[in-house]
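Peer 1: Supplied structure: start.pdb, PDB, C-alpha atoms, pLDDT in the B column.
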ATOM      1  CA  MET A   1       8.590  36.243  21.882  1.00 51.00           C
ATOM      2  CA  ALA A   2       7.177  36.330  18.372  1.00 52.00           C
ATOM      3  CA  GLU A   3      10.172  34.347  17.169  1.00 54.00           C
ATOM      4  CA  GLU A   4       9.481  31.629  19.747  1.00 53.00           C
ATOM      5  CA  ILE A   5       5.877  31.241  18.595  1.00 54.00           C
ATOM      6  CA  LYS A   6       6.930  31.203  14.950  1.00 53.00           C
ATOM      7  CA  SER A   7       9.650  28.610  15.512  1.00 53.00           C
ATOM      8  CA  SER A   8       7.378  26.349  17.583  1.00 53.00           C
ATOM      9  CA  GLY A   9       4.778  26.428  14.792  1.00 53.00           C
ATOM     10  CA  GLN A  10       7.406  25.428  12.256  1.00 53.00           C
ATOM     11  CA  GLU A  11       8.543  22.537  14.437  1.00 53.00           C
ATOM     12  CA  ARG A  12       5.001  21.204  14.666  1.00 54.00           C
ATOM     13  CA  GLN A  13       4.570  21.397  10.911  1.00 54.00           C
ATOM     14  CA  THR A  14       7.876  19.628  10.312  1.00 57.00           C
ATOM     15  CA  GLN A  15       6.995  16.833  12.730  1.00 57.00           C
ATOM     16  CA  GLY A  16       3.620  16.371  11.022  1.00 56.00           C
ATOM     17  CA  ASP A  17       5.334  16.127   7.640  1.00 57.00           C
ATOM     18  CA  VAL A  18       7.730  13.515   9.009  1.00 55.00           C
ATOM     19  CA  VAL A  19       4.844  11.435  10.335  1.00 56.00           C
ATOM     20  CA  LYS A  20       3.052  11.642   6.982  1.00 61.00           C
ATOM     21  CA  GLY A  21       6.263  10.715   5.184  1.00 67.00           C
ATOM     22  CA  ASP A  22       6.879   7.751   7.452  1.00 81.00           C
ATOM     23  CA  PHE A  23       3.306   6.519   7.022  1.00 83.00           C
ATOM     24  CA  SER A  24       3.501   6.721   3.236  1.00 84.00           C
ATOM     25  CA  THR A  25       6.854   4.939   3.312  1.00 87.00           C
ATOM     26  CA  ILE A  26       5.311   2.146   5.363  1.00 87.00           C
ATOM     27  CA  LEU A  27       2.385   1.867   2.941  1.00 87.00           C
ATOM     28  CA  ILE A  28       4.724   1.726  -0.047  1.00 89.00           C
ATOM     29  CA  GLY A  29       6.821  -0.921   1.696  1.00 89.00           C
ATOM     30  CA  VAL A  30       3.772  -3.040   2.516  1.00 90.00           C
ATOM     31  CA  GLY A  31       2.519  -2.709  -1.069  1.00 89.00           C
ATOM     32  CA  THR A  32       5.898  -3.752  -2.442  1.00 90.00           C
ATOM     33  CA  LEU A  33       6.026  -6.713  -0.055  1.00 90.00           C
ATOM     34  CA  ILE A  34       2.553  -7.869  -1.081  1.00 90.00           C
ATOM     35  CA  ASP A  35       3.375  -7.418  -4.759  1.00 88.00           C
ATOM     36  CA  SER A  36       6.607  -9.384  -4.497  1.00 89.00           C
ATOM     37  CA  THR A  37       4.784 -12.173  -2.637  1.00 87.00           C
ATOM     38  CA  VAL A  38       1.738 -12.415  -4.900  1.00 88.00           C
ATOM     39  CA  GLY A  39       3.781 -12.635  -8.116  1.00 86.00           C
ATOM     40  CA  PRO A  40       5.584 -15.905  -7.342  1.00 88.00           C
ATOM     41  CA  LEU A  41       2.500 -17.358  -5.633  1.00 88.00           C
ATOM     42  CA  SER A  42       0.394 -16.784  -8.726  1.00 89.00           C
ATOM     43  CA  LYS A  43       3.008 -18.586 -10.836  1.00 90.00           C
ATOM     44  CA  ILE A  44       2.989 -21.535  -8.419  1.00 92.00           C
ATOM     45  CA  VAL A  45      -0.814 -21.728  -8.455  1.00 92.00           C
ATOM     46  CA  SER A  46      -0.829 -21.515 -12.250  1.00 92.00           C
ATOM     47  CA  GLN A  47       1.692 -24.355 -12.551  1.00 94.00           C
ATOM     48  CA  ALA A  48      -0.267 -26.474 -10.069  1.00 95.00           C
ATOM     49  CA  LEU A  49      -3.482 -25.966 -12.042  1.00 95.00           C
ATOM     50  CA  ASP A  50      -1.703 -26.856 -15.285  1.00 94.00           C
ATOM     51  CA  SER A  51      -0.412 -30.064 -13.681  1.00 95.00           C
ATOM     52  CA  LEU A  52      -3.882 -30.934 -12.402  1.00 95.00           C
ATOM     53  CA  THR A  53      -5.294 -30.369 -15.875  1.00 95.00           C
ATOM     54  CA  VAL A  54      -2.770 -32.788 -17.373  1.00 94.00           C
ATOM     55  CA  VAL A  55      -3.506 -35.402 -14.707  1.00 95.00           C
ATOM     56  CA  ALA A  56      -7.279 -35.017 -15.131  1.00 94.00           C
ATOM     57  CA  LYS A  57      -6.920 -35.374 -18.900  1.00 95.00           C
ATOM     58  CA  GLN A  58      -4.873 -38.569 -18.482  1.00 94.00           C
ATOM     59  CA  ILE A  59      -7.442 -39.993 -16.067  1.00 94.00           C
ATOM     60  CA  LEU A  60     -10.314 -39.226 -18.444  1.00 93.00           C
ATOM     61  CA  GLU A  61      -8.421 -40.750 -21.369  1.00 92.00           C
ATOM     62  CA  GLY A  62      -7.783 -43.869 -19.293  1.00 91.00           C
ATOM     63  CA  VAL A  63     -11.429 -44.153 -18.294  1.00 91.00           C
ATOM     64  CA  ASN A  64     -12.515 -43.542 -21.889  1.00 90.00           C
ATOM     65  CA  SER A  65     -10.183 -46.166 -23.293  1.00 89.00           C
ATOM     66  CA  SER A  66     -11.169 -48.748 -20.674  1.00 88.00           C
ATOM     67  CA  LEU A  67     -14.867 -48.137 -21.335  1.00 86.00           C
ATOM     68  CA  GLY A  68     -14.247 -48.217 -25.071  1.00 79.00           C
ATOM     69  CA  ASN A  69     -12.580 -51.634 -24.804  1.00 64.00           C
ATOM     70  CA  LYS A  70     -15.562 -53.090 -22.881  1.00 57.00           C
ATOM     71  CA  ASN A  71     -18.061 -52.124 -25.564  1.00 48.00           C
TER      72      ASN A  71
END
The structure in this file should be written as structure tokens.
Peer 2:
Amino acid sequence: MAEEIKSSGQERQTQGDVVKGDFSTILIGVGTLIDSTVGPLSKIVSQALDSLTVVAKQILEGVNSSLGNKN
């Protein structure tokens, strides 16, 4: 009878450890997924902002030159 109680306690502890392990695995997987998604997105946003900067600079130079020619 004592062996049955001891073995049932060990089974509960093992199942709890498995649940904790599975939860941490899920968290690590979600973190990895977010990290792998944010990296490329940040590069895309950076390139888009660089392109907008170039376009804005060209527009300002065009406005400046057209106003300079009128004076």
Peer 1: Work out how far atom CA of A:Val55 is from atom CA of A:Ser42, in Å to one decimal.
Peer 2: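 About the pair atom CA of A:Ser42 and atom CA of A:Val55: they are 19.9 Å apart.
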Peer 1: Provide the atom CA of A:Gln47 to atom CA of A:Gly62 distance in Å, to one decimal place.
Peer 2: 22.7 Å
Peer 1: Mind pulling up the distance from atom CA of A:Asp35 to atom CA of A:Asp22?
Peer 2: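 If I compute the distance from atom CA of A:Asp22 to atom CA of A:Asp35, I get 19.8 Å.
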Peer 1: Listed atoms of stretch 38-50 of chain A, axis-aligned box, 6 Å per side: centre and edge lengths to one decimal in Å, as AutoDock Vina command-line options?
Peer 2:
--center_x 1.1 --center_y -19.6 --center_z -10.1 --size_x 21.1 --size_y 26.4 --size_z 22.4
Peer 1: Is it possible to add N, CA and C atoms to stretch 37-54 of chain A and hand it back as an mmCIF file, in the frame of the given file?
Peer 2:
data_model
loop_
_atom_site.group_PDB
_atom_site.id
_atom_site.type_symbol
_atom_site.label_atom_id
_atom_site.label_comp_id
_atom_site.auth_asym_id
_atom_site.auth_seq_id
_atom_site.Cartn_x
_atom_site.Cartn_y
_atom_site.Cartn_z
ATOM 1 N N THR A 37 5.253 -10.877 -3.118
ATOM 2 C CA THR A 37 4.784 -12.173 -2.637
ATOM 3 C C THR A 37 3.733 -12.764 -3.565
ATOM 4 N N VAL A 38 2.839 -11.933 -4.069
ATOM 5 C CA VAL A 38 1.738 -12.415 -4.900
ATOM 6 C C VAL A 38 2.248 -12.897 -6.263
ATOM 7 N N GLY A 39 3.244 -12.247 -6.805
ATOM 8 C CA GLY A 39 3.781 -12.635 -8.116
ATOM 9 C C GLY A 39 4.216 -14.088 -8.170
ATOM 10 N N PRO A 40 5.158 -14.500 -7.338
ATOM 11 C CA PRO A 40 5.584 -15.905 -7.342
ATOM 12 C C PRO A 40 4.467 -16.873 -6.958
ATOM 13 N N LEU A 41 3.595 -16.476 -6.029
ATOM 14 C CA LEU A 41 2.500 -17.358 -5.633
ATOM 15 C C LEU A 41 1.547 -17.610 -6.795
ATOM 16 N N SER A 42 1.292 -16.596 -7.590
ATOM 17 C CA SER A 42 0.394 -16.784 -8.726
ATOM 18 C C SER A 42 1.019 -17.722 -9.751
ATOM 19 N N LYS A 43 2.338 -17.661 -9.918
ATOM 20 C CA LYS A 43 3.008 -18.586 -10.836
ATOM 21 C C LYS A 43 2.914 -20.020 -10.314
ATOM 22 N N ILE A 44 3.072 -20.194 -9.016
ATOM 23 C CA ILE A 44 2.989 -21.535 -8.419
ATOM 24 C C ILE A 44 1.588 -22.097 -8.584
ATOM 25 N N VAL A 45 0.574 -21.278 -8.312
ATOM 26 C CA VAL A 45 -0.814 -21.728 -8.455
ATOM 27 C C VAL A 45 -1.113 -22.073 -9.910
ATOM 28 N N SER A 46 -0.618 -21.266 -10.831
ATOM 29 C CA SER A 46 -0.829 -21.515 -12.250
ATOM 30 C C SER A 46 -0.193 -22.840 -12.676
ATOM 31 N N GLN A 47 1.020 -23.094 -12.224
ATOM 32 C CA GLN A 47 1.692 -24.355 -12.551
ATOM 33 C C GLN A 47 0.969 -25.540 -11.935
ATOM 34 N N ALA A 48 0.466 -25.381 -10.716
ATOM 35 C CA ALA A 48 -0.267 -26.474 -10.069
ATOM 36 C C ALA A 48 -1.552 -26.774 -10.830
ATOM 37 N N LEU A 49 -2.257 -25.743 -11.275
ATOM 38 C CA LEU A 49 -3.482 -25.966 -12.042
ATOM 39 C C LEU A 49 -3.187 -26.606 -13.390
ATOM 40 N N ASP A 50 -2.103 -26.218 -14.024
ATOM 41 C CA ASP A 50 -1.703 -26.856 -15.285
ATOM 42 C C ASP A 50 -1.415 -28.340 -15.071
ATOM 43 N N SER A 51 -0.722 -28.659 -13.984
ATOM 44 C CA SER A 51 -0.412 -30.064 -13.681
ATOM 45 C C SER A 51 -1.693 -30.847 -13.414
ATOM 46 N N LEU A 52 -2.621 -30.251 -12.677
ATOM 47 C CA LEU A 52 -3.882 -30.934 -12.402
ATOM 48 C C LEU A 52 -4.677 -31.156 -13.680
ATOM 49 N N THR A 53 -4.600 -30.218 -14.598
ATOM 50 C CA THR A 53 -5.294 -30.369 -15.875
ATOM 51 C C THR A 53 -4.728 -31.546 -16.657
ATOM 52 N N VAL A 54 -3.411 -31.674 -16.666
ATOM 53 C CA VAL A 54 -2.770 -32.788 -17.373
ATOM 54 C C VAL A 54 -3.169 -34.111 -16.731
#
